[in-house]
Amino acid sequence: MVLQPRISLLLLLCSSPLAFVAANSTETPCDRRCLANSLVQKELFSAPQSDNCTIIVNITSILYETLSFDTKDMKMTSRIKVNMLWNDPDLGWMQEKSRYPTIVLPADKIWIPRIVLDNAIETSMEPYTNDVQVRRDGTVLHSVVLFTTVSCEINLFNYPFVKGSCPVAINGWSQRVCSLTLQITDDVSLIGGSRGEWQTTHVIKTVDSSNRVYLQVALLINPFSAVVTLILPSGLVLLTDLVSFALPFEGGERNSFKVTLVLSFTMFLLILSDHLPSSGECSPLLHYHFCFCLVCLVMSTLASIVLTRLSIDDSFLLCRRSAKVHPSNSTKTQHDSLDQETDKGVIATQSGNLASEMASLQKIVNFLDNMDKGEKEAQSKVTFAYLLDKFCFGFFMMIYIIYVIILVVITRTDICNVNNLDFWDESHHNDDKFDYSYTEL
């Protein structure tokens with residue numbers, strides 16, 4: 001009687017595993033949607049936590065595109081597609097639970113790594129698709145699109161003949177002990193190389209001396225538009241001003257023409273003031289070129305005005321203005337006087353007064369001598385003014401030739417250098433070193 005309950009309990013324990021196996025054998029395997037729903041219910045919105053508090057994200061490929069480059073404010077806007085993968089063990093599953101090696105989950109139901117750009121002024125990250133691909137071992141594959149604007153200092157001293165590069169520092173983050181580390185591949189592709197006057201030639205992954213990774217974007221300017229709209233008009237204006245020395249300066253035609261050139265060039269500079277590159281660390285040489293052109297035009301106009309004054313009077317100073325009348329007015333007055341004297345001589349001759357006749361003839365001779373002397377004096381002033389005019393023409397011609405030579409020499413010399421890698425947070429980098437050493441201790 002005592003052994004009967006023990007025998008019943010033993011039979012019950014032996015039959016329990018068989019019943020459990022039978023129950024499992026009748027359970028249907030979970031499909032992809034079922035498995036995805038079970039993973040979503042875990043609500044894994046936080047980053048995977050490892051023992052060393054370091055998250056490693058592999059960047060498998062990068063597709064880069066330059067959208068625009070603001071030459072005035074020195075800002076570059078880019079679109080970057082990043083394909084990445086990372087491992088989250090909590091998203092894995094056993095093969096016994098589901099036979100599918102890969103499933104698709106909503107991107108907003110799990111943790112997605114946030115990419116940081118160290119030198120970005122403005123950055124927005126959007127998912128390329130609303131879903132992520134998850135493998136059985138917990139590996140997550142995802143793609144994001146970055147729209148970023150970075151500040152980029154390029155040496156514009158030789159504008160528009162400019163070549164330079166801009167860094168785009170794609171990195172993770174590091175705060176004390178924990179960090180997000182990006183392992184960036186060398187597979188960087190470029191699309192849409194030409195945007196306006198700027199052209200993107202190539203993009204490469206670069207590592208500096210501190211093992212910091214960034215994308216080096218090589219840029220250059222297509223100089224055709226700037227040459228046609230900036231350099232060519234200024235050169236033609238200087239050439240026109242030089243040729244205007246062939247115009248006579250007596251009548252004031254040359255003066256009015258040169259004043260028109262100065263006003264036209266001034267309006268030209270006012271219109272283009274909003275389109276010229278700003279004066280940054282390396283101010284474009286084009287600013288000094290326009291200043292030189294304007295000074296030469298004004299000096300040429302002033303020289304023409306002075307020559308016009310010297311062709312009429314001995315001095316161009318108003319305080320030393322001569323009391324002499326203009327030669328044309330003097331000649332007219334002398335002709336009127338001669339007519340009066342001739343009438344008097346005729347009257348005197350008719351009356352038979354020989355003395356009066358001789359006096360009239362002497363006055364006529366004196367008048368002709370004075371008129372000839374005035375014409376010679378006026379001609380000598382004009383000759384002297386034309387001599388100075390030739391000297392001014394040669395002087396400006398020599399100045400322009402010397403200026404072109406100096407311009408060529410300066411553009412061939414590396415005068416200004418810029419540093420685009422001064423945005424790194426060195427203090428933060430030093431804190432990280434301290435924290436790592438503290439962790440090791």
# chains A, B, ... in the order shown; residues from 1 in each chain; ligands from 1
$ residues_around --residues "Arg212 (chain A)" --least-positions-apart "5" --cutoff "9 Å" --atoms "only C-alpha atoms" --output "PyMOL selection string"
chain A and resi 169+171+206-207
$ write_last_selection --atoms "all heavy atoms" --output "compact mmCIF listing (two decimals), in the first residue's frame"
# COMPACT_ATOMS: atom_id res chain seq x y z
N ALA A 169 33.91 65.77 -42.40
CA ALA A 169 34.35 64.88 -41.31
C ALA A 169 33.18 64.04 -40.82
O ALA A 169 32.43 64.44 -39.94
CB ALA A 169 34.95 65.70 -40.17
N ASN A 171 31.96 61.17 -38.69
CA ASN A 171 32.46 60.44 -37.53
C ASN A 171 31.29 60.03 -36.66
O ASN A 171 30.13 60.42 -36.88
CB ASN A 171 33.42 61.31 -36.70
CG ASN A 171 34.78 61.43 -37.37
OD1 ASN A 171 35.53 60.47 -37.43
ND2 ASN A 171 35.08 62.61 -37.88
N THR A 206 40.29 60.07 -46.28
CA THR A 206 41.60 60.50 -45.80
C THR A 206 41.67 60.30 -44.29
O THR A 206 40.69 60.53 -43.58
CB THR A 206 41.86 61.97 -46.15
OG1 THR A 206 41.64 62.16 -47.56
CG2 THR A 206 43.29 62.37 -45.82
N VAL A 207 42.84 59.90 -43.83
CA VAL A 207 43.10 59.72 -42.41
C VAL A 207 44.25 60.63 -42.02
O VAL A 207 45.31 60.60 -42.65
CB VAL A 207 43.44 58.26 -42.07
CG1 VAL A 207 43.65 58.08 -40.57
CG2 VAL A 207 42.35 57.32 -42.56
$ residues_around --residues "Phe161 (chain A)" --least-positions-apart "4" --cutoff "10 Å" --atoms "only C-alpha atoms" --output "list in words"
Leu156, Phe157, Leu220, Ile221, Asn222, Pro223, Phe224, Ala226, Val227 and Thr411 of chain A
$ write_last_selection --atoms "N, CA and C atoms" --output "compact mmCIF listing (two decimals), in the first residue's frame"
# COMPACT_ATOMS: atom_id res chain seq x y z
N LEU A 156 41.08 81.59 -52.45
CA LEU A 156 40.50 82.27 -53.61
C LEU A 156 41.38 83.41 -54.11
N PHE A 157 42.65 83.39 -53.77
CA PHE A 157 43.53 84.50 -54.16
C PHE A 157 43.63 84.60 -55.68
N LEU A 220 37.19 72.51 -58.13
CA LEU A 220 37.80 73.52 -58.98
C LEU A 220 36.71 74.34 -59.64
N ILE A 221 37.09 75.54 -60.09
CA ILE A 221 36.14 76.46 -60.71
C ILE A 221 36.32 76.44 -62.22
N ASN A 222 35.21 76.42 -62.93
CA ASN A 222 35.24 76.62 -64.38
C ASN A 222 35.40 78.11 -64.65
N PRO A 223 36.57 78.57 -65.10
CA PRO A 223 36.84 80.01 -65.15
C PRO A 223 36.17 80.74 -66.30
N PHE A 224 35.49 80.05 -67.20
CA PHE A 224 34.97 80.72 -68.39
C PHE A 224 33.99 81.82 -68.04
N ALA A 226 33.53 83.52 -65.21
CA ALA A 226 34.14 84.65 -64.50
C ALA A 226 35.03 85.47 -65.41
N VAL A 227 35.73 84.82 -66.33
CA VAL A 227 36.59 85.55 -67.26
C VAL A 227 35.76 86.44 -68.18
N THR A 411 50.37 85.51 -59.63
CA THR A 411 49.49 84.35 -59.78
C THR A 411 50.26 83.03 -59.83
$ atom_distance --atom1 "CA of Leu91 (chain A)" --atom2 "CA of Leu44 (chain A)"
8.3 Å
$ atom_distance --atom1 "CA of Ala120 (chain A)" --atom2 "CA of Thr149 (chain A)"
5.7 Å
$ residues_around --residues "Tyr214 (chain A)" --least-positions-apart "4" --cutoff "12 Å" --atoms "only C-alpha atoms" --output "number ranges by chain"
A: 62, 116-119, 165-172, 182-186, 188, 203-210, 420-421, 423-424
$ closest_residue --among "A:Thr71, A:Asn87, A:Thr102, A:Thr123" --to "Val57 (chain A)" --atoms "only C-alpha atoms"
A:Asn87
$ closest_residue --among "A:Gln41, A:Ser244, A:Ser68, A:Ser61" --to "Glu197 (chain A)" --atoms "only C-alpha atoms"
A:Ser68
$ residues_around --residues "Leu219 (chain A)" --least-positions-apart "2" --cutoff "9 Å" --atoms "only C-alpha atoms" --output "ChimeraX atom specification"
/A:162-166,198-202,217,221
$ write_last_selection --atoms "C-alpha atoms" --output "mmCIF file, in the first residue's frame"
data_model
loop_
_atom_site.group_PDB
_atom_site.id
_atom_site.type_symbol
_atom_site.label_atom_id
_atom_site.label_comp_id
_atom_site.auth_asym_id
_atom_site.auth_seq_id
_atom_site.Cartn_x
_atom_site.Cartn_y
_atom_site.Cartn_z
ATOM 1 C CA VAL A 162 41.025 78.170 -58.252
ATOM 2 C CA LYS A 163 41.652 74.594 -57.153
ATOM 3 C CA GLY A 164 41.033 73.431 -53.611
ATOM 4 C CA SER A 165 39.531 70.822 -51.336
ATOM 5 C CA CYS A 166 36.940 70.700 -48.577
ATOM 6 C CA TRP A 198 32.178 74.713 -59.304
ATOM 7 C CA GLN A 199 33.141 71.192 -60.321
ATOM 8 C CA THR A 200 33.837 68.254 -58.010
ATOM 9 C CA THR A 201 36.692 66.226 -59.469
ATOM 10 C CA HIS A 202 36.996 63.389 -56.922
ATOM 11 C CA VAL A 217 36.340 66.669 -51.623
ATOM 12 C CA ILE A 221 36.143 76.461 -60.709
#
$ residues_around --residues "region 247-263 of chain A" --least-positions-apart "3" --cutoff "7 Å" --atoms "only C-alpha atoms" --output "short mmCIF file (atom, residue, chain, number, x, y, z; two decimals) with N, CA and C atoms, in the first residue's frame"
data_model
loop_
_atom_site.label_atom_id
_atom_site.label_comp_id
_atom_site.auth_asym_id
_atom_site.auth_seq_id
_atom_site.Cartn_x
_atom_site.Cartn_y
_atom_site.Cartn_z
N ASP A 241 40.27 103.01 -72.85
CA ASP A 241 40.82 104.25 -72.29
C ASP A 241 42.17 104.57 -72.89
N SER A 244 41.68 105.95 -76.37
CA SER A 244 41.03 107.26 -76.38
C SER A 244 42.05 108.41 -76.40
N THR A 266 32.22 102.21 -62.82
CA THR A 266 31.71 102.28 -61.46
C THR A 266 30.38 101.54 -61.34
N MET A 267 29.48 101.71 -62.29
CA MET A 267 28.23 100.98 -62.29
C MET A 267 28.48 99.48 -62.44
N LEU A 297 41.66 104.65 -64.56
CA LEU A 297 40.66 105.40 -65.33
C LEU A 297 40.50 106.82 -64.80
N VAL A 298 40.47 106.98 -63.49
CA VAL A 298 40.32 108.31 -62.92
C VAL A 298 41.56 109.16 -63.20
N THR A 301 41.49 110.31 -66.77
CA THR A 301 40.52 111.39 -66.97
C THR A 301 41.05 112.72 -66.45
N SER A 304 43.63 114.11 -68.83
CA SER A 304 43.02 114.70 -70.02
C SER A 304 42.45 116.09 -69.72
N ILE A 305 41.84 116.27 -68.55
CA ILE A 305 41.29 117.57 -68.18
C ILE A 305 42.42 118.59 -68.03
N THR A 308 43.71 119.65 -71.41
CA THR A 308 42.79 120.61 -72.05
C THR A 308 42.99 122.01 -71.49
#
$ select_by_dssp --residues "region 108-330 of chain A" --states "strand (DSSP E or B)" --output "ChimeraX atom specification"
/A:116-117,120-127,131-135,139-151,163-168,170-171,173-175,178-184,188-190,194-195,198-207,213-221
$ residues_around --residues "Ser179 (chain A)" --least-positions-apart "2" --cutoff "10 Å" --atoms "only C-alpha atoms" --output "PDB file with N, CA, C and O atoms, in the first residue's frame"
ATOM      1  N   ASN A  52      32.464  46.892 -23.007  1.00  0.00           N
ATOM      2  CA  ASN A  52      33.346  48.062 -23.071  1.00  0.00           C
ATOM      3  C   ASN A  52      32.610  49.337 -23.466  1.00  0.00           C
ATOM      4  O   ASN A  52      33.235  50.379 -23.683  1.00  0.00           O
ATOM      5  N   CYS A  53      31.308  49.270 -23.595  1.00  0.00           N
ATOM      6  CA  CYS A  53      30.462  50.437 -23.912  1.00  0.00           C
ATOM      7  C   CYS A  53      30.893  51.109 -25.217  1.00  0.00           C
ATOM      8  O   CYS A  53      30.913  52.323 -25.328  1.00  0.00           O
ATOM      9  N   THR A  54      31.248  50.289 -26.194  1.00  0.00           N
ATOM     10  CA  THR A  54      31.653  50.789 -27.503  1.00  0.00           C
ATOM     11  C   THR A  54      30.795  50.136 -28.574  1.00  0.00           C
ATOM     12  O   THR A  54      30.669  48.901 -28.610  1.00  0.00           O
ATOM     13  N   ILE A  55      30.215  50.964 -29.423  1.00  0.00           N
ATOM     14  CA  ILE A  55      29.379  50.485 -30.523  1.00  0.00           C
ATOM     15  C   ILE A  55      30.152  50.672 -31.822  1.00  0.00           C
ATOM     16  O   ILE A  55      30.616  51.773 -32.121  1.00  0.00           O
ATOM     17  N   ILE A  56      30.285  49.606 -32.554  1.00  0.00           N
ATOM     18  CA  ILE A  56      31.031  49.642 -33.813  1.00  0.00           C
ATOM     19  C   ILE A  56      30.036  49.552 -34.961  1.00  0.00           C
ATOM     20  O   ILE A  56      29.230  48.611 -35.040  1.00  0.00           O
ATOM     21  N   GLY A 172      31.621  59.217 -35.646  1.00  0.00           N
ATOM     22  CA  GLY A 172      30.645  58.867 -34.634  1.00  0.00           C
ATOM     23  C   GLY A 172      30.690  59.888 -33.517  1.00  0.00           C
ATOM     24  O   GLY A 172      30.830  61.088 -33.757  1.00  0.00           O
ATOM     25  N   TRP A 173      30.617  59.417 -32.299  1.00  0.00           N
ATOM     26  CA  TRP A 173      30.704  60.311 -31.159  1.00  0.00           C
ATOM     27  C   TRP A 173      31.453  59.603 -30.045  1.00  0.00           C
ATOM     28  O   TRP A 173      31.583  58.382 -30.008  1.00  0.00           O
ATOM     29  N   SER A 174      31.951  60.395 -29.128  1.00  0.00           N
ATOM     30  CA  SER A 174      32.688  59.854 -27.991  1.00  0.00           C
ATOM     31  C   SER A 174      32.413  60.736 -26.785  1.00  0.00           C
ATOM     32  O   SER A 174      32.701  61.932 -26.808  1.00  0.00           O
ATOM     33  N   GLN A 175      31.831  60.118 -25.757  1.00  0.00           N
ATOM     34  CA  GLN A 175      31.521  60.843 -24.521  1.00  0.00           C
ATOM     35  C   GLN A 175      32.063  60.033 -23.346  1.00  0.00           C
ATOM     36  O   GLN A 175      31.528  58.982 -22.999  1.00  0.00           O
ATOM     37  N   ARG A 176      33.154  60.562 -22.798  1.00  0.00           N
ATOM     38  CA  ARG A 176      33.819  59.879 -21.694  1.00  0.00           C
ATOM     39  C   ARG A 176      34.199  58.457 -22.101  1.00  0.00           C
ATOM     40  O   ARG A 176      34.956  58.267 -23.030  1.00  0.00           O
ATOM     41  N   VAL A 177      33.645  57.435 -21.444  1.00  0.00           N
ATOM     42  CA  VAL A 177      34.059  56.064 -21.712  1.00  0.00           C
ATOM     43  C   VAL A 177      33.332  55.486 -22.916  1.00  0.00           C
ATOM     44  O   VAL A 177      33.907  54.780 -23.739  1.00  0.00           O
ATOM     45  N   THR A 181      31.867  54.169 -32.747  1.00  0.00           N
ATOM     46  CA  THR A 181      32.999  54.152 -33.666  1.00  0.00           C
ATOM     47  C   THR A 181      32.535  53.745 -35.054  1.00  0.00           C
ATOM     48  O   THR A 181      31.836  52.730 -35.208  1.00  0.00           O
ATOM     49  N   LEU A 182      32.922  54.554 -36.033  1.00  0.00           N
ATOM     50  CA  LEU A 182      32.603  54.249 -37.424  1.00  0.00           C
ATOM     51  C   LEU A 182      33.844  53.694 -38.114  1.00  0.00           C
ATOM     52  O   LEU A 182      34.916  54.303 -38.073  1.00  0.00           O
ATOM     53  N   ASP A 432      39.172  62.306 -24.069  1.00  0.00           N
ATOM     54  CA  ASP A 432      38.964  60.897 -24.396  1.00  0.00           C
ATOM     55  C   ASP A 432      40.184  60.071 -24.046  1.00  0.00           C
ATOM     56  O   ASP A 432      40.084  58.960 -23.524  1.00  0.00           O
TER      57      ASP A 432
END
$ residues_around --residues "Tyr64 (chain A)" --least-positions-apart "3" --cutoff "9 Å" --atoms "only C-alpha atoms" --output "list in words"
Ser78, Arg79, Ile80, Lys81, Val82, Val188, Ser189, Leu190, Ile191, Gly192 and Val203 of chain A
$ select_by_dssp --residues "region 93-285 of chain A" --states "helix (DSSP H, G or I)" --output "MDAnalysis selection string"
chainID A and resid 107:109 224:246 253:272 285
$ write_last_selection --atoms "N, CA and C atoms" --output "tab-separated table (two decimals), in the first residue's frame"
chain	number	residue	atom	x	y	z
A	107	ALA	N	12.10	50.86	-39.54
A	107	ALA	CA	13.29	51.57	-39.08
A	107	ALA	C	13.03	52.36	-37.81
A	108	ASP	N	11.79	52.75	-37.56
A	108	ASP	CA	11.50	53.55	-36.38
A	108	ASP	C	11.18	52.71	-35.15
A	109	LYS	N	11.30	51.37	-35.27
A	109	LYS	CA	11.02	50.50	-34.14
A	109	LYS	C	12.27	49.96	-33.46
A	224	PHE	N	35.49	80.05	-67.20
A	224	PHE	CA	34.97	80.72	-68.39
A	224	PHE	C	33.99	81.82	-68.04
A	225	SER	N	33.03	81.53	-67.17
A	225	SER	CA	32.01	82.53	-66.84
A	225	SER	C	32.62	83.75	-66.16
A	226	ALA	N	33.53	83.52	-65.21
A	226	ALA	CA	34.14	84.65	-64.50
A	226	ALA	C	35.03	85.47	-65.41
A	227	VAL	N	35.73	84.82	-66.33
A	227	VAL	CA	36.59	85.55	-67.26
A	227	VAL	C	35.76	86.44	-68.18
A	228	VAL	N	34.64	85.91	-68.66
A	228	VAL	CA	33.80	86.67	-69.60
A	228	VAL	C	33.09	87.82	-68.89
A	229	THR	N	32.65	87.61	-67.66
A	229	THR	CA	31.85	88.62	-66.98
A	229	THR	C	32.65	89.57	-66.10
A	230	LEU	N	33.88	89.21	-65.71
A	230	LEU	CA	34.66	90.03	-64.79
A	230	LEU	C	35.96	90.54	-65.40
A	231	ILE	N	36.79	89.62	-65.85
A	231	ILE	CA	38.14	90.01	-66.29
A	231	ILE	C	38.10	90.65	-67.67
A	232	LEU	N	37.39	90.05	-68.61
A	232	LEU	CA	37.35	90.59	-69.98
A	232	LEU	C	36.78	92.01	-70.04
A	233	PRO	N	35.66	92.33	-69.38
A	233	PRO	CA	35.17	93.72	-69.44
A	233	PRO	C	36.15	94.73	-68.87
A	234	SER	N	36.80	94.41	-67.75
A	234	SER	CA	37.76	95.35	-67.19
A	234	SER	C	38.95	95.56	-68.10
A	235	GLY	N	39.42	94.50	-68.75
A	235	GLY	CA	40.52	94.65	-69.70
A	235	GLY	C	40.13	95.47	-70.91
A	236	LEU	N	38.91	95.28	-71.40
A	236	LEU	CA	38.46	96.05	-72.56
A	236	LEU	C	38.28	97.53	-72.21
A	237	VAL	N	37.85	97.81	-70.97
A	237	VAL	CA	37.70	99.20	-70.56
A	237	VAL	C	39.06	99.89	-70.51
A	238	LEU	N	40.08	99.21	-69.98
A	238	LEU	CA	41.43	99.79	-69.95
A	238	LEU	C	41.97	99.99	-71.36
A	239	LEU	N	41.71	99.04	-72.25
A	239	LEU	CA	42.16	99.18	-73.64
A	239	LEU	C	41.47	100.35	-74.32
A	240	THR	N	40.17	100.51	-74.07
A	240	THR	CA	39.43	101.63	-74.65
A	240	THR	C	39.96	102.97	-74.13
A	241	ASP	N	40.27	103.01	-72.85
A	241	ASP	CA	40.82	104.25	-72.29
A	241	ASP	C	42.17	104.57	-72.89
A	242	LEU	N	42.96	103.55	-73.17
A	242	LEU	CA	44.28	103.78	-73.78
A	242	LEU	C	44.14	104.27	-75.21
A	243	VAL	N	43.19	103.71	-75.96
A	243	VAL	CA	42.99	104.13	-77.35
A	243	VAL	C	42.38	105.53	-77.42
A	244	SER	N	41.68	105.95	-76.37
A	244	SER	CA	41.03	107.26	-76.38
A	244	SER	C	42.05	108.41	-76.40
A	245	PHE	N	43.32	108.14	-76.19
A	245	PHE	CA	44.33	109.18	-76.32
A	245	PHE	C	44.46	109.67	-77.76
A	246	ALA	N	43.90	108.92	-78.72
A	246	ALA	CA	43.93	109.37	-80.11
A	246	ALA	C	42.92	110.48	-80.38
A	253	GLU	N	35.90	116.58	-76.29
A	253	GLU	CA	35.31	115.29	-76.63
A	253	GLU	C	35.97	114.16	-75.86
A	254	ARG	N	37.29	114.25	-75.72
A	254	ARG	CA	37.99	113.19	-74.99
A	254	ARG	C	37.58	113.18	-73.52
A	255	ASN	N	37.43	114.35	-72.93
A	255	ASN	CA	37.07	114.42	-71.52
A	255	ASN	C	35.71	113.78	-71.25
A	256	SER	N	34.73	114.12	-72.09
A	256	SER	CA	33.40	113.54	-71.90
A	256	SER	C	33.42	112.03	-72.11
A	257	PHE	N	34.23	111.55	-73.04
A	257	PHE	CA	34.33	110.11	-73.29
A	257	PHE	C	34.95	109.38	-72.09
A	258	LYS	N	36.00	109.96	-71.53
A	258	LYS	CA	36.65	109.33	-70.38
A	258	LYS	C	35.77	109.36	-69.15
A	259	VAL	N	35.03	110.44	-68.95
A	259	VAL	CA	34.10	110.48	-67.82
A	259	VAL	C	33.03	109.40	-67.97
A	260	THR	N	32.58	109.17	-69.20
A	260	THR	CA	31.61	108.10	-69.45
A	260	THR	C	32.20	106.74	-69.11
A	261	LEU	N	33.47	106.53	-69.43
A	261	LEU	CA	34.13	105.27	-69.08
A	261	LEU	C	34.19	105.07	-67.57
A	262	VAL	N	34.54	106.11	-66.84
A	262	VAL	CA	34.64	106.00	-65.39
A	262	VAL	C	33.28	105.68	-64.77
A	263	LEU	N	32.24	106.36	-65.22
A	263	LEU	CA	30.90	106.10	-64.69
A	263	LEU	C	30.42	104.70	-65.04
A	264	SER	N	30.71	104.26	-66.24
A	264	SER	CA	30.30	102.91	-66.66
A	264	SER	C	31.00	101.85	-65.83
A	265	PHE	N	32.29	102.03	-65.59
A	265	PHE	CA	33.02	101.04	-64.81
A	265	PHE	C	32.56	101.04	-63.34
A	266	THR	N	32.22	102.21	-62.82
A	266	THR	CA	31.71	102.28	-61.46
A	266	THR	C	30.38	101.54	-61.34
A	267	MET	N	29.48	101.71	-62.29
A	267	MET	CA	28.23	100.98	-62.29
A	267	MET	C	28.48	99.48	-62.44
A	268	PHE	N	29.45	99.11	-63.22
A	268	PHE	CA	29.82	97.70	-63.40
A	268	PHE	C	30.24	97.08	-62.06
A	269	LEU	N	31.02	97.80	-61.27
A	269	LEU	CA	31.45	97.30	-59.97
A	269	LEU	C	30.28	97.22	-58.99
A	270	LEU	N	29.38	98.19	-59.03
A	270	LEU	CA	28.23	98.16	-58.13
A	270	LEU	C	27.32	96.97	-58.42
A	271	ILE	N	27.14	96.65	-59.69
A	271	ILE	CA	26.29	95.52	-60.06
A	271	ILE	C	26.89	94.20	-59.61
A	272	LEU	N	28.22	94.07	-59.74
A	272	LEU	CA	28.89	92.81	-59.43
A	272	LEU	C	29.34	92.70	-57.99
A	285	LEU	N	42.57	88.28	-55.61
A	285	LEU	CA	43.37	89.28	-56.31
A	285	LEU	C	42.50	90.13	-57.23
$ atom_distance --atom1 "CA of Arg114 (chain A)" --atom2 "CA of Phe147 (chain A)"
13.3 Å
$ closest_residue --among "A:Val134, A:Cys282, A:Leu310, A:Leu180" --to "Val40 (chain A)" --atoms "only C-alpha atoms"
A:Val134
$ closest_residue --among "A:Asp73, A:Phe45, A:Met94, A:Ser300" --to "Asp274 (chain A)" --atoms "only C-alpha atoms"
A:Asp73
